[in-house]
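Next up, protein.tsv (TSV, C-alpha atoms):
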chain	number	residue	atom	x	y	z
A	1024	MET	CA	10.69	-14.69	16.01
A	1025	THR	CA	7.14	-14.58	14.65
A	1026	LYS	CA	6.78	-12.02	11.83
A	1027	ILE	CA	3.52	-10.07	11.61
A	1028	ALA	CA	2.54	-7.64	8.84
A	1029	VAL	CA	0.23	-4.77	9.79
A	1030	VAL	CA	-1.46	-3.74	6.54
A	1031	ILE	CA	-2.87	-0.22	6.16
A	1032	GLY	CA	-6.09	-0.90	4.26
A	1033	SER	CA	-6.64	2.61	2.90
A	1034	SER	CA	-4.83	4.77	0.39
A	1035	ARG	CA	-7.06	7.84	0.64
A	1036	GLU	CA	-5.75	11.32	1.29
A	1037	GLY	CA	-6.48	12.42	4.84
A	1038	ARG	CA	-6.98	8.86	6.03
A	1039	ALA	CA	-6.86	7.96	9.73
A	1040	THR	CA	-6.18	4.26	9.11
A	1041	ASP	CA	-2.42	4.84	9.16
A	1042	ARG	CA	-2.59	6.18	12.73
A	1043	LEU	CA	-4.55	3.14	13.81
A	1044	ALA	CA	-2.08	0.81	12.06
A	1045	LYS	CA	0.90	2.47	13.82
A	1046	TRP	CA	-0.81	1.95	17.18
A	1047	VAL	CA	-1.52	-1.69	16.29
A	1048	ALA	CA	2.09	-2.24	15.18
A	1049	THR	CA	3.35	-0.91	18.52
A	1050	GLY	CA	1.17	-3.49	20.25
A	1051	VAL	CA	2.33	-6.28	17.93
A	1052	ALA	CA	5.98	-5.36	18.55
A	1053	ARG	CA	5.54	-6.27	22.24
A	1054	GLN	CA	4.88	-9.90	21.25
A	1055	ALA	CA	6.35	-10.40	17.77
A	1056	GLU	CA	8.30	-8.74	14.98
A	1057	ALA	CA	6.03	-6.13	13.38
A	1058	GLU	CA	6.19	-4.40	10.01
A	1059	VAL	CA	3.69	-1.85	8.74
A	1060	ILE	CA	2.82	-2.30	5.07
A	1061	ASP	CA	1.15	0.64	3.38
A	1062	LEU	CA	-0.94	-0.20	0.32
A	1063	ARG	CA	0.04	3.20	-1.08
A	1064	ASP	CA	3.45	1.62	-1.68
A	1065	TYR	CA	1.85	-1.19	-3.69
A	1066	PRO	CA	-0.32	0.45	-6.36
A	1067	MET	CA	-1.87	-2.39	-8.35
A	1068	PRO	CA	-4.39	-2.59	-11.14
A	1069	PHE	CA	-7.71	-4.07	-10.13
A	1070	LEU	CA	-7.79	-7.83	-10.62
A	1071	GLU	CA	-7.87	-8.30	-14.37
A	1072	GLU	CA	-6.48	-11.80	-14.79
A	1073	SER	CA	-8.64	-14.10	-16.90
A	1074	VAL	CA	-8.09	-17.07	-14.56
A	1075	SER	CA	-8.38	-16.88	-10.77
A	1076	PRO	CA	-4.91	-16.50	-9.22
A	1077	ARG	CA	-5.54	-19.55	-7.02
A	1078	TYR	CA	-6.27	-21.81	-9.97
A	1079	ASN	CA	-3.72	-20.69	-12.54
A	1080	PRO	CA	-0.51	-22.75	-12.50
A	1081	GLU	CA	0.71	-20.71	-15.50
A	1082	ARG	CA	0.19	-17.39	-13.70
A	1083	ARG	CA	2.50	-14.51	-14.57
A	1084	PRO	CA	1.40	-11.54	-12.46
A	1085	SER	CA	2.27	-8.01	-13.49
A	1086	PRO	CA	5.38	-6.52	-11.84
A	1087	ALA	CA	3.21	-4.35	-9.55
A	1088	VAL	CA	1.22	-7.36	-8.34
A	1089	LYS	CA	4.36	-9.53	-8.03
A	1090	LYS	CA	5.95	-6.90	-5.75
A	1091	TRP	CA	2.93	-7.18	-3.41
A	1092	LEU	CA	2.84	-10.99	-3.55
A	1093	ASP	CA	6.55	-11.30	-2.78
A	1094	LYS	CA	6.24	-8.92	0.15
A	1095	ILE	CA	3.17	-10.44	1.74
A	1096	ALA	CA	4.36	-14.06	1.44
A	1097	GLY	CA	7.19	-13.60	3.94
A	1098	PHE	CA	5.07	-13.24	7.08
A	1099	ASP	CA	3.69	-15.68	9.64
A	1100	GLY	CA	0.53	-13.65	10.27
A	1101	TYR	CA	-1.24	-10.41	9.43
A	1102	VAL	CA	-3.33	-7.63	10.87
A	1103	PHE	CA	-5.54	-5.96	8.28
A	1104	VAL	CA	-6.51	-2.49	9.48
A	1105	THR	CA	-9.55	-1.32	7.54
A	1106	PRO	CA	-11.84	1.66	7.40
A	1107	GLU	CA	-15.50	1.08	6.67
A	1108	TYR	CA	-16.60	2.59	3.38
A	1109	ASN	CA	-20.24	2.19	2.33
A	1110	ARG	CA	-20.78	-0.74	4.69
A	1111	SER	CA	-17.75	-2.66	3.44
A	1112	THR	CA	-13.98	-2.62	3.40
A	1113	SER	CA	-11.97	-0.38	1.10
A	1114	ALA	CA	-11.62	-1.30	-2.57
A	1115	VAL	CA	-7.82	-1.10	-2.34
A	1116	LEU	CA	-7.69	-3.69	0.47
A	1117	LYS	CA	-10.21	-5.98	-1.21
A	1118	ASN	CA	-8.18	-5.84	-4.42
A	1119	ALA	CA	-4.96	-6.61	-2.52
A	1120	ILE	CA	-6.72	-9.72	-1.22
A	1121	ASP	CA	-8.24	-10.65	-4.59
A	1122	VAL	CA	-4.85	-10.78	-6.34
A	1123	LEU	CA	-3.44	-13.26	-3.81
A	1124	GLY	CA	-2.73	-16.78	-4.95
A	1125	HIS	CA	-1.44	-19.02	-2.16
A	1126	GLU	CA	0.75	-16.51	-0.31
A	1127	ILE	CA	-1.32	-16.49	2.89
A	1128	ASP	CA	-2.62	-20.07	2.83
A	1129	ASP	CA	-3.09	-21.41	6.35
A	1130	LYS	CA	-1.84	-18.20	7.94
A	1131	PRO	CA	-3.81	-16.17	10.50
A	1132	VAL	CA	-5.28	-12.73	9.94
A	1133	ALA	CA	-6.48	-10.43	12.71
A	1134	LEU	CA	-8.95	-7.72	11.78
A	1135	VAL	CA	-9.06	-4.16	13.09
A	1136	GLY	CA	-11.77	-1.83	11.83
A	1137	HIS	CA	-12.79	1.75	12.33
A	1138	GLY	CA	-15.76	3.86	11.40
A	1139	SER	CA	-19.15	4.75	12.80
A	1140	SER	CA	-19.80	1.16	13.89
A	1141	GLY	CA	-16.15	0.39	14.57
A	1142	GLY	CA	-15.81	-1.03	11.08
A	1143	ALA	CA	-18.10	-3.95	11.94
A	1144	GLN	CA	-19.48	-4.37	8.43
A	1145	ALA	CA	-16.02	-4.05	6.87
A	1146	ILE	CA	-14.76	-6.75	9.21
A	1147	ALA	CA	-17.76	-8.96	8.39
A	1148	ASN	CA	-16.98	-8.59	4.67
A	1149	LEU	CA	-13.34	-9.52	5.25
A	1150	ARG	CA	-14.35	-12.57	7.30
A	1151	MET	CA	-16.26	-13.80	4.23
A	1152	ALA	CA	-13.49	-13.00	1.71
A	1153	LEU	CA	-10.36	-14.22	3.50
A	1154	PRO	CA	-11.15	-17.97	3.55
A	1155	GLY	CA	-11.35	-17.70	-0.24
A	1156	VAL	CA	-7.60	-17.05	-0.33
A	1157	GLY	CA	-6.80	-19.72	2.25
A	1158	ALA	CA	-6.39	-17.44	5.29
A	1159	VAL	CA	-7.60	-18.19	8.81
A	1160	THR	CA	-9.21	-15.27	10.64
A	1161	VAL	CA	-8.66	-15.18	14.39
A	1162	PRO	CA	-11.85	-15.16	16.47
A	1163	GLN	CA	-11.25	-11.78	18.08
A	1164	ALA	CA	-11.72	-8.53	16.14
A	1165	LEU	CA	-11.11	-4.98	17.23
A	1166	PHE	CA	-13.89	-2.51	16.48
A	1167	PHE	CA	-12.41	0.95	17.03
A	1168	THR	CA	-15.43	3.16	17.66
A	1169	ASP	CA	-13.63	6.29	18.87
A	1170	ARG	CA	-12.67	8.90	16.28
A	1171	VAL	CA	-9.20	7.72	15.29
A	1172	GLY	CA	-7.90	11.21	14.50
A	1173	GLU	CA	-8.76	12.36	18.02
A	1174	ALA	CA	-7.91	9.16	19.91
A	1175	ILE	CA	-4.53	8.40	18.29
A	1176	ASP	CA	-1.87	10.94	17.39
A	1177	GLU	CA	0.23	10.92	14.20
A	1178	ALA	CA	2.94	8.86	15.91
A	1179	GLY	CA	0.41	6.14	16.75
A	1180	MET	CA	0.06	6.92	20.46
A	1181	LEU	CA	-3.33	6.20	22.02
A	1182	GLN	CA	-4.80	8.79	24.41
A	1183	ALA	CA	-3.83	7.99	28.01
A	1184	GLU	CA	-7.42	7.67	29.24
A	1185	LEU	CA	-8.28	5.18	26.47
A	1186	GLU	CA	-5.11	3.23	27.12
A	1187	ALA	CA	-5.93	2.99	30.83
A	1188	ALA	CA	-9.58	1.92	30.35
A	1189	PRO	CA	-9.81	-1.66	31.69
A	1190	TYR	CA	-12.09	-2.83	28.88
A	1191	GLY	CA	-10.93	-0.31	26.31
A	1192	PRO	CA	-9.16	-0.62	22.97
A	1193	GLN	CA	-5.70	-1.34	24.44
A	1194	THR	CA	-6.96	-4.36	26.37
A	1195	ASN	CA	-8.82	-5.60	23.30
A	1196	LEU	CA	-5.73	-5.15	21.12
A	1197	ASN	CA	-3.50	-7.02	23.56
A	1198	THR	CA	-5.93	-9.96	23.64
A	1199	GLN	CA	-6.23	-10.02	19.86
A	1200	ILE	CA	-2.46	-9.94	19.31
A	1201	GLU	CA	-1.89	-12.69	21.84
A	1202	SER	CA	-4.37	-14.83	19.91
A	1203	LEU	CA	-2.82	-13.91	16.54
A	1204	VAL	CA	0.69	-14.85	17.68
A	1205	TRP	CA	-0.62	-18.13	19.12
A	1206	TYR	CA	-2.32	-18.98	15.81
A	1207	ALA	CA	0.74	-17.91	13.80
A	1208	ASN	CA	3.01	-20.23	15.78
A	1209	ALA	CA	0.55	-23.14	15.77
A	1210	LEU	CA	-0.19	-22.87	12.05
A	1211	ARG	CA	3.50	-22.47	11.16
A	1212	ALA	CA	4.24	-25.71	13.05
A	1213	ALA	CA	1.29	-27.43	11.30
A	1214	ARG	CA	2.48	-26.28	7.84
A	1215	LYS	CA	5.83	-27.98	8.44

Rendering of file as structure tokens:
Amino acid sequence: MTKIAVVIGSSREGRATDRLAKWVATGVARQAEAEVIDLRDYPMPFLEESVSPRYNPERRPSPAVKKWLDKIAGFDGYVFVTPEYNRSTSAVLKNAIDVLGHEIDDKPVALVGHGSSGGAQAIANLRMALPGVGAVTVPQALFFTDRVGEAIDEAGMLQAELEAAPYGPQTNLNTQIESLVWYANALRAARK
């Protein structure tokens, strides 16, 4: 079965990103194997290596970074769930991407953002950064414009009226996940 990691791209206290990620993971689980990965569980120093991880055949990452690299490498695809901070993604998510070597080469990443503009600028920043670590971003993105804390409960359940909206977030998520799983399967076959 296709394995998809849903990465919580915030480590702040009082964050809403974890609620959004739980909702996304529930949607992923209808089409693939889903696992939520919380960056709080992977505290890493900011990228401090003297040579880019992608170009260092002698690389010896710190134990904290190696834990993240080993975890992230085992998936067929990813959903990065990001808040928008100061018109960009969070520093913790950007750093988690920056320390990657070849772990997500030729693997698809779906992007889910939230914030005043649905995380549009955070998603745009990620679309520029991810090819630098060999990832393929799927064409669809989910811009969650509703207030996450009001729209999704702590268990990751979307409000019934939003779930039922024909062109609402649930429909958009389903379309995005279908695309992500398609890309994951196609790229896995191509990598072989």

Practice task
Write out as a count of residues only the residues lying within 10 Å of Ala1052 (chain A), counting all atoms listed in the file and excluding same-chain residues fewer than 6 positions away.
Solution key: 4

Tell me, counting all atoms listed in the file, for each residue of region 1109-1215 of chain A within 9 Å of region 1085-1091 of chain A, which pair of atoms is nearest and how far apart they are in Å to one decimal, in rows ordered by chain and increasing number, as CSV.
residue,atom,partner,partner_atom,distance
A:Ala1119,CA,A:Trp1091,CA,8.0
A:Val1122,CA,A:Val1088,CA,7.2
A:Leu1123,CA,A:Val1088,CA,8.8

Report as a Markdown table: every residue of region 1108-1212 of chain A with an atom at most 12 Å from region 1061-1077 of chain A, its closest pair of atoms, and their distance in Å to one decimal, counting all atoms listed in the file, with rows sorted by chain and ascending residue number.
| residue | atom | partner | partner_atom | distance |
| --- | --- | --- | --- | --- |
| A:Ser1113 | CA | A:Leu1062 | CA | 11.1 |
| A:Ala1114 | CA | A:Phe1069 | CA | 9.0 |
| A:Val1115 | CA | A:Leu1062 | CA | 7.4 |
| A:Leu1116 | CA | A:Leu1062 | CA | 7.6 |
| A:Lys1117 | CA | A:Phe1069 | CA | 9.5 |
| A:Asn1118 | CA | A:Phe1069 | CA | 6.0 |
| A:Ala1119 | CA | A:Met1067 | CA | 7.8 |
| A:Ile1120 | CA | A:Leu1070 | CA | 9.6 |
| A:Asp1121 | CA | A:Leu1070 | CA | 6.7 |
| A:Val1122 | CA | A:Leu1070 | CA | 6.0 |
| A:Leu1123 | CA | A:Pro1076 | CA | 6.5 |
| A:Gly1124 | CA | A:Arg1077 | CA | 4.5 |
| A:His1125 | CA | A:Arg1077 | CA | 6.4 |
| A:Glu1126 | CA | A:Arg1077 | CA | 9.7 |
| A:Ile1127 | CA | A:Arg1077 | CA | 11.2 |
| A:Asp1128 | CA | A:Arg1077 | CA | 10.3 |
| A:Gly1155 | CA | A:Arg1077 | CA | 9.1 |
| A:Val1156 | CA | A:Arg1077 | CA | 7.4 |
| A:Gly1157 | CA | A:Arg1077 | CA | 9.4 |

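Counting only C-alpha atoms, Leu1196 (chain A) has the following residues at most 9 Å away, ignoring those fewer than 5 positions along the same chain: Val1047, Gly1050, Val1051, Val1135, Ala1164, Leu1165, Gly1191 and Glu1201 of chain A.
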
Please define a box with edges along x, y and z of the file around all atoms of region 1025-1040 of chain A given in the file, extend it by 8 Å on each side, and return its centre and edge lengths in Å to one decimal, as lines of an AutoDock Vina configuration file.
center_x = 0.0
center_y = -1.1
center_z = 7.5
size_x = 30.2
size_y = 43.0
size_z = 30.3

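Among the candidates A:Leu1043, A:Leu1149, A:Ala1055, A:Leu1092, the one nearest to Gln1193 (chain A) when counting only C-alpha atoms is A:Leu1043.
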
Just the residues within 9 Å of Gln1163 (chain A), please, counting all atoms listed in the file, with nothing from its chain fewer than 6 positions along; format it as a short mmCIF file (atom, residue, chain, number, x, y, z; two decimals) with C-alpha atoms, keeping the file's coordinate frame.
data_model
loop_
_atom_site.label_atom_id
_atom_site.label_comp_id
_atom_site.auth_asym_id
_atom_site.auth_seq_id
_atom_site.Cartn_x
_atom_site.Cartn_y
_atom_site.Cartn_z
CA ALA A 1133 -6.48 -10.43 12.71
CA LEU A 1134 -8.95 -7.72 11.78
CA ASN A 1195 -8.82 -5.60 23.30
CA THR A 1198 -5.93 -9.96 23.64
CA GLN A 1199 -6.23 -10.02 19.86
CA SER A 1202 -4.37 -14.83 19.91
CA LEU A 1203 -2.82 -13.91 16.54
#

Handout entry: Atom-to-atom span, CA of Arg1035 (chain A) and CA of Glu1056 (chain A), Å
Key =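 So the answer is 26.8 Å.
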
Problem - Minimum-distance residue to Glu1177 (chain A), chosen among A:Asp1129, A:Glu1107, A:Glu1081, A:Asp1041 (using all atoms listed in the file) - result: A:Asp1041

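Closest to Val1029 (chain A) among A:Trp1046, A:Tyr1101, A:Tyr1190, A:Tyr1108 is A:Tyr1101, based on only C-alpha atoms.
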
Problem - Residue nearest Pro1192 (chain A) - candidates A:His1137, A:Asp1176, A:Arg1214, A:Ala1143, atoms counted: all atoms listed in the file - result: A:His1137

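CA of Trp1205 (chain A) is found 10.1 Å from CA of Gln1054 (chain A).
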
With N, CA and C atoms as the goal, would you fill in the gaps in region 1112-1147 of chain A and present it as a PDB file, keeping the file's coordinate frame?
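Below is the file that was written, selection-v1.pdb:
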ATOM      1  N   THR A1112     -15.380  -3.008   3.303  1.00  0.00           N
ATOM      2  CA  THR A1112     -13.980  -2.620   3.400  1.00  0.00           C
ATOM      3  C   THR A1112     -13.616  -1.736   2.209  1.00  0.00           C
ATOM      4  N   SER A1113     -12.409  -1.240   2.204  1.00  0.00           N
ATOM      5  CA  SER A1113     -11.970  -0.380   1.100  1.00  0.00           C
ATOM      6  C   SER A1113     -11.696  -1.220  -0.149  1.00  0.00           C
ATOM      7  N   ALA A1114     -11.874  -0.612  -1.297  1.00  0.00           N
ATOM      8  CA  ALA A1114     -11.620  -1.300  -2.570  1.00  0.00           C
ATOM      9  C   ALA A1114     -10.144  -1.681  -2.691  1.00  0.00           C
ATOM     10  N   VAL A1115      -9.253  -0.819  -2.199  1.00  0.00           N
ATOM     11  CA  VAL A1115      -7.820  -1.100  -2.340  1.00  0.00           C
ATOM     12  C   VAL A1115      -7.429  -2.329  -1.521  1.00  0.00           C
ATOM     13  N   LEU A1116      -8.000  -2.498  -0.330  1.00  0.00           N
ATOM     14  CA  LEU A1116      -7.690  -3.690   0.470  1.00  0.00           C
ATOM     15  C   LEU A1116      -8.321  -4.928  -0.147  1.00  0.00           C
ATOM     16  N   LYS A1117      -9.559  -4.817  -0.581  1.00  0.00           N
ATOM     17  CA  LYS A1117     -10.210  -5.980  -1.210  1.00  0.00           C
ATOM     18  C   LYS A1117      -9.445  -6.423  -2.443  1.00  0.00           C
ATOM     19  N   ASN A1118      -8.959  -5.481  -3.247  1.00  0.00           N
ATOM     20  CA  ASN A1118      -8.180  -5.840  -4.420  1.00  0.00           C
ATOM     21  C   ASN A1118      -6.856  -6.509  -4.030  1.00  0.00           C
ATOM     22  N   ALA A1119      -6.217  -6.004  -2.986  1.00  0.00           N
ATOM     23  CA  ALA A1119      -4.960  -6.610  -2.520  1.00  0.00           C
ATOM     24  C   ALA A1119      -5.187  -8.055  -2.088  1.00  0.00           C
ATOM     25  N   ILE A1120      -6.369  -8.348  -1.583  1.00  0.00           N
ATOM     26  CA  ILE A1120      -6.720  -9.720  -1.220  1.00  0.00           C
ATOM     27  C   ILE A1120      -7.054 -10.527  -2.473  1.00  0.00           C
ATOM     28  N   ASP A1121      -7.815  -9.936  -3.385  1.00  0.00           N
ATOM     29  CA  ASP A1121      -8.240 -10.650  -4.590  1.00  0.00           C
ATOM     30  C   ASP A1121      -7.085 -11.123  -5.461  1.00  0.00           C
ATOM     31  N   VAL A1122      -5.979 -10.391  -5.479  1.00  0.00           N
ATOM     32  CA  VAL A1122      -4.850 -10.780  -6.340  1.00  0.00           C
ATOM     33  C   VAL A1122      -3.971 -11.862  -5.718  1.00  0.00           C
ATOM     34  N   LEU A1123      -4.235 -12.222  -4.459  1.00  0.00           N
ATOM     35  CA  LEU A1123      -3.440 -13.260  -3.810  1.00  0.00           C
ATOM     36  C   LEU A1123      -3.683 -14.609  -4.462  1.00  0.00           C
ATOM     37  N   GLY A1124      -2.618 -15.396  -4.522  1.00  0.00           N
ATOM     38  CA  GLY A1124      -2.730 -16.780  -4.950  1.00  0.00           C
ATOM     39  C   GLY A1124      -2.754 -17.659  -3.710  1.00  0.00           C
ATOM     40  N   HIS A1125      -1.559 -18.148  -3.334  1.00  0.00           N
ATOM     41  CA  HIS A1125      -1.440 -19.020  -2.160  1.00  0.00           C
ATOM     42  C   HIS A1125      -0.509 -18.429  -1.105  1.00  0.00           C
ATOM     43  N   GLU A1126      -0.236 -17.149  -1.183  1.00  0.00           N
ATOM     44  CA  GLU A1126       0.750 -16.510  -0.310  1.00  0.00           C
ATOM     45  C   GLU A1126       0.368 -16.521   1.173  1.00  0.00           C
ATOM     46  N   ILE A1127      -0.923 -16.510   1.468  1.00  0.00           N
ATOM     47  CA  ILE A1127      -1.320 -16.490   2.890  1.00  0.00           C
ATOM     48  C   ILE A1127      -2.122 -17.742   3.264  1.00  0.00           C
ATOM     49  N   ASP A1128      -1.952 -18.811   2.496  1.00  0.00           N
ATOM     50  CA  ASP A1128      -2.620 -20.070   2.830  1.00  0.00           C
ATOM     51  C   ASP A1128      -2.261 -20.507   4.247  1.00  0.00           C
ATOM     52  N   ASP A1129      -3.267 -20.873   5.006  1.00  0.00           N
ATOM     53  CA  ASP A1129      -3.090 -21.410   6.350  1.00  0.00           C
ATOM     54  C   ASP A1129      -2.292 -20.493   7.263  1.00  0.00           C
ATOM     55  N   LYS A1130      -2.464 -19.199   7.078  1.00  0.00           N
ATOM     56  CA  LYS A1130      -1.840 -18.200   7.940  1.00  0.00           C
ATOM     57  C   LYS A1130      -2.960 -17.365   8.566  1.00  0.00           C
ATOM     58  N   PRO A1131      -2.751 -16.903   9.809  1.00  0.00           N
ATOM     59  CA  PRO A1131      -3.810 -16.170  10.500  1.00  0.00           C
ATOM     60  C   PRO A1131      -3.848 -14.685  10.157  1.00  0.00           C
ATOM     61  N   VAL A1132      -5.055 -14.156  10.161  1.00  0.00           N
ATOM     62  CA  VAL A1132      -5.280 -12.730   9.940  1.00  0.00           C
ATOM     63  C   VAL A1132      -6.152 -12.204  11.070  1.00  0.00           C
ATOM     64  N   ALA A1133      -5.681 -11.148  11.720  1.00  0.00           N
ATOM     65  CA  ALA A1133      -6.480 -10.430  12.710  1.00  0.00           C
ATOM     66  C   ALA A1133      -7.067  -9.212  12.015  1.00  0.00           C
ATOM     67  N   LEU A1134      -8.249  -8.816  12.438  1.00  0.00           N
ATOM     68  CA  LEU A1134      -8.950  -7.720  11.780  1.00  0.00           C
ATOM     69  C   LEU A1134      -9.215  -6.582  12.754  1.00  0.00           C
ATOM     70  N   VAL A1135      -8.835  -5.382  12.322  1.00  0.00           N
ATOM     71  CA  VAL A1135      -9.060  -4.160  13.090  1.00  0.00           C
ATOM     72  C   VAL A1135      -9.815  -3.202  12.181  1.00  0.00           C
ATOM     73  N   GLY A1136     -10.965  -2.737  12.637  1.00  0.00           N
ATOM     74  CA  GLY A1136     -11.770  -1.830  11.830  1.00  0.00           C
ATOM     75  C   GLY A1136     -12.052  -0.534  12.539  1.00  0.00           C
ATOM     76  N   HIS A1137     -12.364   0.479  11.747  1.00  0.00           N
ATOM     77  CA  HIS A1137     -12.790   1.750  12.330  1.00  0.00           C
ATOM     78  C   HIS A1137     -13.837   2.374  11.450  1.00  0.00           C
ATOM     79  N   GLY A1138     -14.656   3.193  12.075  1.00  0.00           N
ATOM     80  CA  GLY A1138     -15.760   3.860  11.400  1.00  0.00           C
ATOM     81  C   GLY A1138     -16.885   4.032  12.389  1.00  0.00           C
ATOM     82  N   SER A1139     -18.046   4.435  11.891  1.00  0.00           N
ATOM     83  CA  SER A1139     -19.150   4.750  12.800  1.00  0.00           C
ATOM     84  C   SER A1139     -19.592   3.553  13.635  1.00  0.00           C
ATOM     85  N   SER A1140     -19.459   2.357  13.121  1.00  0.00           N
ATOM     86  CA  SER A1140     -19.800   1.160  13.890  1.00  0.00           C
ATOM     87  C   SER A1140     -18.543   0.373  14.236  1.00  0.00           C
ATOM     88  N   GLY A1141     -17.403   1.064  14.281  1.00  0.00           N
ATOM     89  CA  GLY A1141     -16.150   0.390  14.570  1.00  0.00           C
ATOM     90  C   GLY A1141     -15.669  -0.472  13.420  1.00  0.00           C
ATOM     91  N   GLY A1142     -16.216  -0.234  12.242  1.00  0.00           N
ATOM     92  CA  GLY A1142     -15.810  -1.030  11.080  1.00  0.00           C
ATOM     93  C   GLY A1142     -16.421  -2.415  11.064  1.00  0.00           C
ATOM     94  N   ALA A1143     -17.515  -2.606  11.797  1.00  0.00           N
ATOM     95  CA  ALA A1143     -18.100  -3.950  11.940  1.00  0.00           C
ATOM     96  C   ALA A1143     -18.477  -4.576  10.604  1.00  0.00           C
ATOM     97  N   GLN A1144     -19.061  -3.794   9.715  1.00  0.00           N
ATOM     98  CA  GLN A1144     -19.480  -4.370   8.430  1.00  0.00           C
ATOM     99  C   GLN A1144     -18.283  -4.625   7.521  1.00  0.00           C
ATOM    100  N   ALA A1145     -17.253  -3.798   7.623  1.00  0.00           N
ATOM    101  CA  ALA A1145     -16.020  -4.050   6.870  1.00  0.00           C
ATOM    102  C   ALA A1145     -15.376  -5.345   7.338  1.00  0.00           C
ATOM    103  N   ILE A1146     -15.337  -5.533   8.652  1.00  0.00           N
ATOM    104  CA  ILE A1146     -14.760  -6.750   9.210  1.00  0.00           C
ATOM    105  C   ILE A1146     -15.587  -7.970   8.799  1.00  0.00           C
ATOM    106  N   ALA A1147     -16.909  -7.845   8.809  1.00  0.00           N
ATOM    107  CA  ALA A1147     -17.760  -8.960   8.390  1.00  0.00           C
ATOM    108  C   ALA A1147     -17.490  -9.328   6.928  1.00  0.00           C
TER     109      ALA A1147
END
